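Everything below belongs to my_file20.csv, which stores CSV, C-alpha atoms.
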chain,number,residue,atom,x,y,z
A,10,MET,CA,6.2,32.0,17.1
A,11,THR,CA,6.0,28.4,15.9
A,12,ARG,CA,8.6,25.7,16.6
A,13,ARG,CA,9.3,25.7,12.9
A,14,LEU,CA,10.2,29.4,12.8
A,15,ARG,CA,12.3,29.4,15.9
A,16,ALA,CA,14.3,26.4,14.8
A,17,ALA,CA,14.5,27.5,11.2
A,18,THR,CA,15.9,30.9,12.2
A,19,ALA,CA,18.6,29.3,14.3
A,20,LEU,CA,19.5,27.0,11.5
A,21,ALA,CA,19.6,29.8,9.0
A,22,VAL,CA,22.0,31.8,11.2
A,23,ALA,CA,24.2,28.8,12.0
A,24,ALA,CA,24.3,27.1,8.6
A,25,GLY,CA,23.0,29.5,6.0
A,26,LEU,CA,19.9,27.3,5.4
A,27,VAL,CA,16.6,29.0,4.3
A,28,VAL,CA,13.5,27.0,5.1
A,29,THR,CA,11.2,26.7,2.1
A,30,THR,CA,8.2,24.5,1.4
A,31,ALA,CA,7.2,22.9,-1.8
A,32,GLY,CA,4.4,25.0,-3.4
A,33,CYS,CA,3.7,26.8,-0.1
A,34,SER,CA,4.6,30.1,1.5
A,35,SER,CA,8.0,31.8,1.3
A,36,ALA,CA,10.8,31.5,3.9
A,37,GLY,CA,9.9,33.2,7.2
A,38,SER,CA,6.2,32.1,7.2
A,39,ASP,CA,4.8,32.0,10.7
A,40,ARG,CA,2.4,29.2,9.8
A,41,PRO,CA,3.1,25.7,11.2
A,42,LEU,CA,5.1,23.4,9.0
A,43,VAL,CA,3.9,19.8,8.3
A,44,ALA,CA,6.5,17.7,6.7
A,45,VAL,CA,5.3,14.6,4.8
A,46,THR,CA,7.5,11.7,3.6
A,47,THR,CA,5.6,10.5,0.5
A,48,ASN,CA,3.8,12.4,-2.2
A,49,ILE,CA,0.7,10.3,-1.9
A,50,LEU,CA,0.3,11.3,1.7
A,51,GLY,CA,1.5,14.7,0.8
A,52,ASP,CA,-1.5,15.3,-1.4
A,53,VAL,CA,-3.9,13.9,1.2
A,54,VAL,CA,-2.3,16.1,3.9
A,55,THR,CA,-2.4,19.2,1.7
A,56,GLU,CA,-6.2,18.7,1.0
A,57,VAL,CA,-6.9,18.1,4.7
A,58,VAL,CA,-4.8,21.0,6.0
A,59,GLY,CA,-6.0,23.6,3.6
A,60,ASP,CA,-4.5,27.0,4.4
A,61,ALA,CA,-3.8,26.2,8.0
A,62,ALA,CA,-0.2,25.2,7.6
A,63,ASP,CA,2.7,24.9,5.1
A,64,VAL,CA,3.2,21.4,3.7
A,65,MET,CA,6.6,20.2,2.7
A,66,VAL,CA,6.6,16.9,0.7
A,67,LEU,CA,9.9,15.1,0.6
A,68,MET,CA,9.3,12.6,-2.1
A,69,PRO,CA,9.4,13.8,-5.7
A,70,ALA,CA,6.8,12.9,-8.2
A,71,GLY,CA,7.6,9.5,-9.9
A,72,ALA,CA,10.0,8.4,-7.2
A,73,ASP,CA,10.1,5.0,-5.6
A,74,PRO,CA,9.0,5.4,-1.9
A,75,HIS,CA,11.2,2.4,-0.9
A,76,SER,CA,14.4,4.0,-2.0
A,77,PHE,CA,14.2,7.7,-2.4
A,78,GLU,CA,16.5,9.8,-0.2
A,79,VAL,CA,16.5,13.5,0.9
A,80,SER,CA,19.2,16.1,0.8
A,81,ALA,CA,21.0,17.4,3.9
A,82,LYS,CA,18.9,20.6,3.7
A,83,GLU,CA,15.6,18.7,3.6
A,84,ALA,CA,16.8,16.5,6.5
A,85,ALA,CA,17.5,19.7,8.5
A,86,GLN,CA,14.0,21.1,7.7
A,87,LEU,CA,12.4,17.9,8.8
A,88,ARG,CA,13.8,18.4,12.3
A,89,THR,CA,12.2,21.9,12.4
A,90,ALA,CA,8.7,20.8,11.5
A,91,ASP,CA,5.7,21.1,13.8
A,92,LEU,CA,4.5,17.6,12.7
A,93,VAL,CA,6.1,14.9,10.5
A,94,VAL,CA,3.7,12.6,8.6
A,95,GLU,CA,5.0,9.2,7.4
A,96,ASN,CA,3.4,6.1,6.0
A,97,GLY,CA,5.4,3.7,8.2
A,98,LEU,CA,5.2,-0.1,8.0
A,99,GLY,CA,8.7,-0.1,6.5
A,100,LEU,CA,7.8,1.8,3.4
A,101,GLU,CA,10.2,4.8,3.5
A,102,GLU,CA,13.4,2.8,3.8
A,103,GLY,CA,15.6,5.7,2.5
A,104,VAL,CA,14.4,8.3,4.9
A,105,ALA,CA,13.5,6.4,8.1
A,106,ARG,CA,16.6,7.5,9.9
A,107,HIS,CA,15.8,11.1,9.3
A,108,VAL,CA,12.3,10.7,10.7
A,109,GLU,CA,13.8,9.0,13.7
A,110,ALA,CA,16.2,11.9,14.1
A,111,ALA,CA,13.4,14.4,14.0
A,112,ALA,CA,11.5,12.3,16.6
A,113,SER,CA,14.6,12.3,18.8
A,114,ASP,CA,14.6,16.1,18.6
A,115,GLY,CA,11.0,16.1,19.9
A,116,VAL,CA,9.1,16.6,16.6
A,117,PRO,CA,5.8,14.7,16.8
A,118,VAL,CA,5.5,12.0,14.2
A,119,PHE,CA,2.2,10.8,12.7
A,120,THR,CA,2.5,7.2,11.3
A,121,ALA,CA,-0.4,6.3,9.0
A,122,GLY,CA,0.3,2.6,9.4
A,123,ASP,CA,-0.5,2.8,13.2
A,124,HIS,CA,-4.1,3.7,12.4
A,125,VAL,CA,-5.2,0.9,10.1
A,126,ASP,CA,-5.8,-2.8,10.4
A,127,ALA,CA,-2.4,-3.7,8.8
A,128,LEU,CA,-2.0,-6.7,6.5
A,129,GLU,CA,1.1,-8.8,5.8
A,130,TRP,CA,2.5,-9.9,2.5
A,131,THR,CA,3.5,-13.5,2.7
A,132,THR,CA,5.5,-15.9,0.5
A,133,GLU,CA,6.8,-19.4,1.2
A,134,ASP,CA,10.1,-18.0,2.4
A,135,ASP,CA,9.3,-14.6,3.8
A,136,SER,CA,6.7,-12.2,5.1
A,137,GLY,CA,6.4,-8.7,6.4
A,138,PRO,CA,4.0,-5.8,7.0
A,139,ASP,CA,2.3,-4.5,3.9
A,140,PRO,CA,2.9,-0.7,3.8
A,141,HIS,CA,0.6,0.0,0.8
A,142,LEU,CA,-2.4,0.9,2.8
A,143,TRP,CA,-3.5,3.7,0.5
A,144,THR,CA,-4.8,1.2,-2.1
A,145,ASP,CA,-7.9,0.9,0.2
A,146,PRO,CA,-9.8,4.2,0.5
A,147,GLU,CA,-11.8,2.8,3.5
A,148,ARG,CA,-8.6,2.5,5.4
A,149,MET,CA,-7.6,6.0,4.3
A,150,VAL,CA,-10.7,7.2,6.1
A,151,ASP,CA,-9.3,5.9,9.3
A,152,VAL,CA,-6.0,7.6,8.5
A,153,VAL,CA,-7.5,11.0,7.8
A,154,GLN,CA,-9.6,10.9,11.0
A,155,ALA,CA,-6.6,10.1,13.1
A,156,LEU,CA,-4.5,12.7,11.2
A,157,ASP,CA,-7.0,15.4,12.0
A,158,ALA,CA,-6.6,14.8,15.7
A,159,ASP,CA,-2.8,14.8,15.5
A,160,LEU,CA,-2.8,18.0,13.4
A,161,ARG,CA,-4.8,19.7,16.1
A,162,ASP,CA,-2.5,18.5,18.8
A,163,ALA,CA,0.4,20.0,16.8
A,164,GLY,CA,-1.4,23.4,16.7
A,165,VAL,CA,-2.8,23.1,13.2
A,166,GLU,CA,-6.5,23.6,12.6
A,167,PRO,CA,-7.3,21.7,9.4
A,168,THR,CA,-10.1,23.1,7.2
A,169,GLY,CA,-10.5,20.3,4.7
A,170,THR,CA,-11.1,17.2,6.8
A,171,ASP,CA,-14.8,16.7,6.4
A,172,ALA,CA,-14.8,17.5,2.6
A,173,TYR,CA,-12.0,15.0,2.1
A,174,LEU,CA,-13.6,12.3,4.1
A,175,ASP,CA,-16.7,12.7,1.8
A,176,GLU,CA,-14.3,12.4,-1.2
A,177,LEU,CA,-12.9,9.1,0.1
A,178,THR,CA,-16.4,7.7,0.7
A,179,THR,CA,-17.4,8.6,-2.8
A,180,LEU,CA,-14.2,7.1,-4.2
A,181,ASP,CA,-14.8,3.8,-2.3
A,182,GLY,CA,-18.3,3.6,-3.8
A,183,GLU,CA,-17.0,4.2,-7.3
A,184,MET,CA,-14.4,1.5,-7.0
A,185,THR,CA,-16.9,-0.9,-5.5
A,186,GLU,CA,-19.3,-0.4,-8.4
A,187,ALA,CA,-16.5,-0.6,-11.1
A,188,PHE,CA,-15.0,-3.8,-9.7
A,189,ALA,CA,-18.5,-5.4,-9.4
A,190,GLY,CA,-18.4,-5.8,-13.2
A,191,ILE,CA,-15.4,-8.2,-13.1
A,192,PRO,CA,-16.4,-11.8,-12.8
A,193,GLU,CA,-15.1,-13.5,-9.7
A,194,GLU,CA,-12.9,-15.9,-11.6
A,195,ARG,CA,-11.1,-13.0,-13.2
A,196,ARG,CA,-10.4,-11.2,-10.0
A,197,ALA,CA,-6.8,-12.3,-9.9
A,198,LEU,CA,-3.9,-9.8,-9.6
A,199,VAL,CA,-0.2,-10.1,-10.6
A,200,THR,CA,2.0,-7.1,-10.0
A,201,ASN,CA,5.7,-6.3,-10.1
A,202,HIS,CA,5.8,-6.5,-6.3
A,203,HIS,CA,3.2,-7.0,-3.6
A,204,VAL,CA,1.4,-3.6,-3.7
A,205,PHE,CA,-2.4,-4.4,-4.0
A,206,GLY,CA,-2.9,-6.4,-0.8
A,207,TYR,CA,-5.2,-3.9,0.7
A,208,LEU,CA,-7.2,-3.3,-2.5
A,209,ALA,CA,-7.6,-7.1,-2.8
A,210,ASP,CA,-8.8,-7.3,0.8
A,211,ARG,CA,-11.3,-4.6,0.4
A,212,TYR,CA,-12.8,-5.5,-3.0
A,213,GLY,CA,-12.5,-9.3,-3.2
A,214,PHE,CA,-9.5,-9.9,-5.4
A,215,ARG,CA,-7.0,-12.7,-5.3
A,216,VAL,CA,-3.3,-11.8,-5.3
A,217,VAL,CA,-1.9,-14.5,-7.5
A,218,GLY,CA,1.7,-13.4,-7.1
A,219,ALA,CA,4.4,-10.8,-7.8
A,220,VAL,CA,7.4,-10.7,-10.1
A,221,ILE,CA,9.4,-9.6,-7.0
A,222,PRO,CA,7.9,-11.7,-4.2
A,223,SER,CA,8.3,-9.0,-1.5
A,224,GLY,CA,6.6,-5.9,-0.1
A,225,THR,CA,9.6,-3.8,-1.3
A,226,THR,CA,11.1,-3.0,-4.7
A,227,LEU,CA,14.6,-3.4,-3.3
A,228,ALA,CA,14.3,-7.2,-3.4
A,229,SER,CA,15.1,-9.3,-6.5
A,230,PRO,CA,13.3,-12.4,-7.9
A,231,SER,CA,15.1,-15.7,-8.2
A,232,ALA,CA,14.7,-18.2,-11.0
A,233,ALA,CA,12.6,-20.4,-8.7
A,234,ASP,CA,10.4,-17.4,-7.9
A,235,LEU,CA,9.8,-16.8,-11.6
A,236,ARG,CA,8.9,-20.4,-12.3
A,237,ASP,CA,6.5,-20.5,-9.4
A,238,LEU,CA,4.8,-17.3,-10.6
A,239,ALA,CA,4.6,-18.6,-14.1
A,240,ALA,CA,2.8,-21.6,-12.9
A,241,ALA,CA,0.4,-19.5,-10.9
A,242,ILE,CA,-0.3,-17.2,-13.8
A,243,ASP,CA,-1.0,-20.2,-16.1
A,244,GLU,CA,-3.3,-21.8,-13.6
A,245,ALA,CA,-5.3,-18.6,-12.9
A,246,GLY,CA,-5.4,-17.6,-16.5
A,247,VAL,CA,-4.2,-14.0,-15.7
A,248,PRO,CA,-4.3,-11.8,-18.9
A,249,THR,CA,-2.4,-8.8,-17.5
A,250,ILE,CA,0.5,-8.0,-15.1
A,251,PHE,CA,0.3,-4.6,-13.5
A,252,ALA,CA,3.7,-2.9,-13.1
A,253,ASP,CA,4.3,0.4,-11.3
A,254,LEU,CA,5.4,3.4,-13.3
A,255,SER,CA,8.4,3.9,-11.0
A,256,GLN,CA,9.7,0.4,-11.8
A,257,PRO,CA,10.9,-0.7,-15.2
A,258,ALA,CA,8.5,-3.0,-17.1
A,259,ARG,CA,11.4,-5.4,-17.7
A,260,LEU,CA,10.6,-6.8,-14.2
A,261,ALA,CA,7.5,-8.2,-15.7
A,262,GLU,CA,8.9,-8.7,-19.3
A,263,VAL,CA,11.5,-11.1,-17.8
A,264,LEU,CA,8.7,-13.6,-17.4
A,265,ALA,CA,8.4,-13.9,-21.2
A,266,ASP,CA,12.2,-14.2,-21.7
A,267,GLU,CA,13.0,-16.6,-18.9
A,268,VAL,CA,10.0,-18.8,-18.4
A,269,ASP,CA,8.1,-18.2,-21.6
A,270,VAL,CA,5.0,-16.7,-20.1
A,271,HIS,CA,3.4,-14.1,-22.4
A,272,VAL,CA,0.9,-11.7,-20.8
A,273,ARG,CA,0.1,-8.1,-21.3
A,274,ILE,CA,1.8,-5.5,-19.1
A,275,ARG,CA,0.0,-2.4,-18.0
A,276,SER,CA,1.7,0.4,-16.1
A,277,LEU,CA,0.0,2.0,-13.1
A,278,ALA,CA,0.9,4.8,-10.8
A,279,THR,CA,0.6,2.7,-7.6
A,280,GLU,CA,3.4,4.0,-5.3
A,281,SER,CA,3.9,7.6,-6.4
A,282,LEU,CA,1.9,10.4,-7.9
A,283,THR,CA,2.9,11.7,-11.3
A,284,GLU,CA,3.8,15.3,-11.9
A,285,VAL,CA,0.9,15.9,-14.3
A,286,GLY,CA,-2.1,13.9,-15.5
A,287,ASP,CA,-4.8,11.8,-13.9
A,288,ALA,CA,-2.4,10.3,-11.3
A,289,SER,CA,-1.1,13.7,-10.1
A,290,THR,CA,-3.5,13.5,-7.0
A,291,TYR,CA,-4.3,10.5,-4.8
A,292,LEU,CA,-8.0,10.5,-5.8
A,293,GLY,CA,-7.1,10.7,-9.5
A,294,MET,CA,-4.5,8.0,-9.2
A,295,MET,CA,-7.0,5.6,-7.5
A,296,ARG,CA,-9.7,6.3,-10.2
A,297,SER,CA,-7.2,5.9,-13.0
A,298,ASN,CA,-5.9,2.6,-11.5
A,299,THR,CA,-9.4,1.3,-11.1
A,300,ASN,CA,-10.2,1.9,-14.7
A,301,ALA,CA,-6.9,0.2,-15.8
A,302,ILE,CA,-7.5,-2.8,-13.6
A,303,VAL,CA,-11.1,-3.3,-14.9
A,304,ALA,CA,-9.8,-3.0,-18.5
A,305,GLY,CA,-6.8,-5.2,-17.9
A,306,LEU,CA,-8.8,-8.0,-16.4
A,307,SER,CA,-11.7,-7.8,-18.8
A,308,ILE,CA,-9.7,-8.7,-21.9
A,309,SER,CA,-9.3,-12.2,-23.2
A,310,ASN,CA,-6.0,-14.1,-23.1
Written as structure tokens, that's how I'd like the structure from this file.
Amino acid sequence: MTRRLRAATALAVAAGLVVTTAGCSSAGSDRPLVAVTTNILGDVVTEVVGDAADVMVLMPAGADPHSFEVSAKEAAQLRTADLVVENGLGLEEGVARHVEAAASDGVPVFTAGDHVDALEWTTEDDSGPDPHLWTDPERMVDVVQALDADLRDAGVEPTGTDAYLDELTTLDGEMTEAFAGIPEERRALVTNHHVFGYLADRYGFRVVGAVIPSGTTLASPSAADLRDLAAAIDEAGVPTIFADLSQPARLAEVLADEVDVHVRIRSLATESLTEVGDASTYLGMMRSNTNAIVAGLSISN
């Protein structure tokens, strides 16, 4: 009997909780349970695991990974898992304490950020670890290889690792080819917050700035921040700001209202998968964003 089933049975008797998994087997499954904090990693884990385990994804489609929270029932299920998979690097601010509680109970935790060459977002006044590692598929190769080992240590024999690694290599090649068509002087990115550091590092872009000068959406821009960004946009000749779908476009539109900078705003699914459509999987999201970035930086001001 797995750790998940023993602990879940005890919980059900004591508190009337029934363990279920999103899109997986019914309560009482004897398969191992892998709990995943974000839906981007949830999609990756599901593809890697195959039918070897049940996968419970805590973050709903379209949610903000920095601020989403979980229910008491989900927190209890987290502590019964055979493995918890998190992004780390400060991303999941709303569920970090629940992951820590599970770890204190002896649940092994896989932290994706521990297995990449992590970057930092930096401004004149602040800095911190950049958690958005998934925007570089080459780094995701390192994550998946390390995940495979931790899954096996947790009693899960993944069936999709090799195929998914091939998919990531193919994706990296497609993105490299697509971005090669953007002239170097146009490889300048502005986003609603610092989300494309890893993509920029991998494919030779400049991160001109962000409406929110931080690695988290929970911060707020000051008037001075907006003035500095407006000057940087003007100097770089940036034609498009990329705003995440989970954040209101007003964060970028405020530039036009407060500092009289008029640029196009293009919404991307950068931090959360969508329920349906091209961005409902990690691979689809990355391909869709690549196309949008190419189109957004190819237009004339």
If I take CA of Asp210 (chain A) and CA of Gly137 (chain A), how far is one from the other in Å, to one decimal?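 Between CA of Asp210 (chain A) and CA of Gly137 (chain A) the gap works out to 16.3 Å.
With distances taken over all atoms listed in the file, A:Pro117 is the one residue among A:Pro74, A:Pro117, A:Gly305, A:Gly51 lying closest to Leu160 (chain A).
Put simply, CA of His107 (chain A) is 25.5 Å away from CA of Gln154 (chain A).
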Provide the CA of Ala61 (chain A) to CA of Ser38 (chain A) distance in Å, to one decimal place. 11.6 Å
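Residues within 9 Å of Ala209 (chain A), counting all atoms listed in the file and excluding same-chain residues fewer than 6 positions away, are A:Thr144, A:Asp145, A:Arg196, A:Ala197, A:Leu198, A:Arg215, A:Val216.
Checking A:Val272, A:Ala105, A:Met65, A:Val58 one by one against Ala90 (chain A), counting all atoms listed in the file, you find the shortest gap at A:Met65.
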Put the listed atoms of region 93-106 of chain A in a box along x, y and z with 8 Å added on every side and give me the centre and edge lengths in Å to one decimal, as AutoDock Vina command-line options.
--center_x 10.0 --center_y 7.4 --center_z 6.5 --size_x 29.2 --size_y 31.0 --size_z 24.0
Distance query 10 Å from (6.0, -18.3, -10.7) using all atoms listed in the file, result as an MDAnalysis selection string: chainID A and resid 217:220 222 230:243 264 268 270
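Distance annotation: of A:Arg195, A:Glu83, A:Asn201, A:Gly293, the residue with the minimal separation from Val263 (chain A) is A:Asn201; atom set is only C-alpha atoms.
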Taking only C-alpha atoms into account, which of A:Asp266, A:Glu101, A:Asp73, A:Asp52 comes nearest Ala278 (chain A)?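 Smallest separation from Ala278 (chain A) among the options: A:Asp73.
Look at Gly122 (chain A): the protein and nucleic acid residues within 6 Å of it, using all atoms listed in the file and passing over chain neighbours fewer than 6 places away, are A:Asn96, A:Gly97, A:Leu98.
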Which residue is closest to Gln86 (chain A)? Choose from A:Leu67, A:Gly59, A:Leu50, A:Gly246 and count all atoms listed in the file.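 Ranking A:Leu67, A:Gly59, A:Leu50, A:Gly246 by distance to Gln86 (chain A), first place goes to A:Leu67.
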A:Ile274, A:Ala252, A:Val43, A:Met184: which is nearest Arg161 (chain A), counting all atoms listed in the file?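 Using all atoms listed in the file, the shortest distance to Arg161 (chain A) belongs to A:Val43.
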Using only C-alpha atoms, can you list as a list in words the residues within 10 Å of (5.6, 17.3, 17.5)?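 Collected hits near the coordinates: Arg12, Val43, Arg88, Thr89, Ala90, Asp91, Leu92, Val93, Ala111, Ala112, Asp114, Gly115, Val116, Pro117, Val118, Phe119, Asp159, Leu160, Asp162, Ala163 and Gly164 of chain A.
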Please provide as a CSV table (one decimal) with C-alpha atoms, in the coordinates of the input all residues within 10 Å of Ser289 (chain A), with the sequence filter that same-chain residues fewer than 5 positions apart are discarded (counting only C-alpha atoms).
chain,number,residue,atom,x,y,z
A,48,ASN,CA,3.8,12.4,-2.2
A,49,ILE,CA,0.7,10.3,-1.9
A,52,ASP,CA,-1.5,15.3,-1.4
A,70,ALA,CA,6.8,12.9,-8.2
A,71,GLY,CA,7.6,9.5,-9.9
A,278,ALA,CA,0.9,4.8,-10.8
A,281,SER,CA,3.9,7.6,-6.4
A,282,LEU,CA,1.9,10.4,-7.9
A,283,THR,CA,2.9,11.7,-11.3
A,284,GLU,CA,3.8,15.3,-11.9
A,294,MET,CA,-4.5,8.0,-9.2
Would you fill out region 103-125 of chain A with N, CA, C and O atoms and return it as an mmCIF file, in the coordinates of the input?
data_model
loop_
_atom_site.group_PDB
_atom_site.id
_atom_site.type_symbol
_atom_site.label_atom_id
_atom_site.label_comp_id
_atom_site.auth_asym_id
_atom_site.auth_seq_id
_atom_site.Cartn_x
_atom_site.Cartn_y
_atom_site.Cartn_z
ATOM 1 N N GLY A 103 14.492 4.725 2.707
ATOM 2 C CA GLY A 103 15.600 5.700 2.500
ATOM 3 C C GLY A 103 15.577 6.872 3.398
ATOM 4 O O GLY A 103 16.581 7.581 3.490
ATOM 5 N N VAL A 104 14.451 7.137 4.083
ATOM 6 C CA VAL A 104 14.400 8.300 4.900
ATOM 7 C C VAL A 104 14.024 8.021 6.375
ATOM 8 O O VAL A 104 13.878 8.935 7.186
ATOM 9 N N ALA A 105 13.906 6.751 6.708
ATOM 10 C CA ALA A 105 13.500 6.400 8.100
ATOM 11 C C ALA A 105 14.391 6.959 9.129
ATOM 12 O O ALA A 105 13.920 7.430 10.169
ATOM 13 N N ARG A 106 15.694 6.963 8.878
ATOM 14 C CA ARG A 106 16.600 7.500 9.900
ATOM 15 C C ARG A 106 16.439 8.969 10.130
ATOM 16 O O ARG A 106 16.647 9.465 11.250
ATOM 17 N N HIS A 107 16.038 9.692 9.094
ATOM 18 C CA HIS A 107 15.800 11.100 9.300
ATOM 19 C C HIS A 107 14.549 11.403 10.058
ATOM 20 O O HIS A 107 14.492 12.357 10.841
ATOM 21 N N VAL A 108 13.529 10.587 9.846
ATOM 22 C CA VAL A 108 12.300 10.700 10.700
ATOM 23 C C VAL A 108 12.613 10.393 12.110
ATOM 24 O O VAL A 108 12.153 11.077 13.022
ATOM 25 N N GLU A 109 13.416 9.356 12.328
ATOM 26 C CA GLU A 109 13.800 9.000 13.700
ATOM 27 C C GLU A 109 14.604 10.119 14.346
ATOM 28 O O GLU A 109 14.433 10.404 15.539
ATOM 29 N N ALA A 110 15.461 10.786 13.576
ATOM 30 C CA ALA A 110 16.200 11.900 14.100
ATOM 31 C C ALA A 110 15.331 13.050 14.515
ATOM 32 O O ALA A 110 15.522 13.685 15.568
ATOM 33 N N ALA A 111 14.326 13.327 13.686
ATOM 34 C CA ALA A 111 13.400 14.400 14.000
ATOM 35 C C ALA A 111 12.605 14.037 15.285
ATOM 36 O O ALA A 111 12.399 14.887 16.159
ATOM 37 N N ALA A 112 12.185 12.782 15.393
ATOM 38 C CA ALA A 112 11.500 12.300 16.600
ATOM 39 C C ALA A 112 12.340 12.483 17.830
ATOM 40 O O ALA A 112 11.871 12.885 18.903
ATOM 41 N N SER A 113 13.632 12.174 17.693
ATOM 42 C CA SER A 113 14.600 12.300 18.800
ATOM 43 C C SER A 113 14.714 13.763 19.246
ATOM 44 O O SER A 113 14.999 14.049 20.412
ATOM 45 N N ASP A 114 14.525 14.676 18.295
ATOM 46 C CA ASP A 114 14.600 16.100 18.600
ATOM 47 C C ASP A 114 13.282 16.625 19.211
ATOM 48 O O ASP A 114 13.167 17.807 19.515
ATOM 49 N N GLY A 115 12.290 15.746 19.336
ATOM 50 C CA GLY A 115 11.000 16.100 19.900
ATOM 51 C C GLY A 115 9.932 16.503 18.947
ATOM 52 O O GLY A 115 8.853 16.955 19.348
ATOM 53 N N VAL A 116 10.179 16.306 17.651
ATOM 54 C CA VAL A 116 9.100 16.600 16.600
ATOM 55 C C VAL A 116 8.106 15.466 16.692
ATOM 56 O O VAL A 116 8.466 14.286 16.583
ATOM 57 N N PRO A 117 6.838 15.778 16.844
ATOM 58 C CA PRO A 117 5.800 14.700 16.800
ATOM 59 C C PRO A 117 5.718 14.088 15.443
ATOM 60 O O PRO A 117 5.808 14.779 14.428
ATOM 61 N N VAL A 118 5.540 12.766 15.414
ATOM 62 C CA VAL A 118 5.500 12.000 14.200
ATOM 63 C C VAL A 118 4.136 11.281 14.093
ATOM 64 O O VAL A 118 3.784 10.534 15.013
ATOM 65 N N PHE A 119 3.410 11.499 13.007
ATOM 66 C CA PHE A 119 2.200 10.800 12.700
ATOM 67 C C PHE A 119 2.500 9.655 11.766
ATOM 68 O O PHE A 119 2.995 9.907 10.661
ATOM 69 N N THR A 120 2.218 8.406 12.157
ATOM 70 C CA THR A 120 2.500 7.200 11.300
ATOM 71 C C THR A 120 1.167 6.653 10.855
ATOM 72 O O THR A 120 0.411 6.102 11.656
ATOM 73 N N ALA A 121 0.901 6.766 9.556
ATOM 74 C CA ALA A 121 -0.400 6.300 9.000
ATOM 75 C C ALA A 121 -0.639 4.843 9.324
ATOM 76 O O ALA A 121 -1.760 4.441 9.655
ATOM 77 N N GLY A 122 0.406 4.023 9.225
ATOM 78 C CA GLY A 122 0.300 2.600 9.400
ATOM 79 C C GLY A 122 -0.192 2.205 10.836
ATOM 80 O O GLY A 122 -0.691 1.088 11.042
ATOM 81 N N ASP A 123 -0.034 3.120 11.796
ATOM 82 C CA ASP A 123 -0.500 2.800 13.200
ATOM 83 C C ASP A 123 -1.986 2.920 13.320
ATOM 84 O O ASP A 123 -2.521 2.540 14.371
ATOM 85 N N HIS A 124 -2.667 3.424 12.299
ATOM 86 C CA HIS A 124 -4.100 3.700 12.400
ATOM 87 C C HIS A 124 -4.968 2.870 11.513
ATOM 88 O O HIS A 124 -6.139 3.199 11.282
ATOM 89 N N VAL A 125 -4.398 1.774 10.985
ATOM 90 C CA VAL A 125 -5.200 0.900 10.100
ATOM 91 C C VAL A 125 -4.996 -0.555 10.615
ATOM 92 O O VAL A 125 -4.073 -0.865 11.367
#
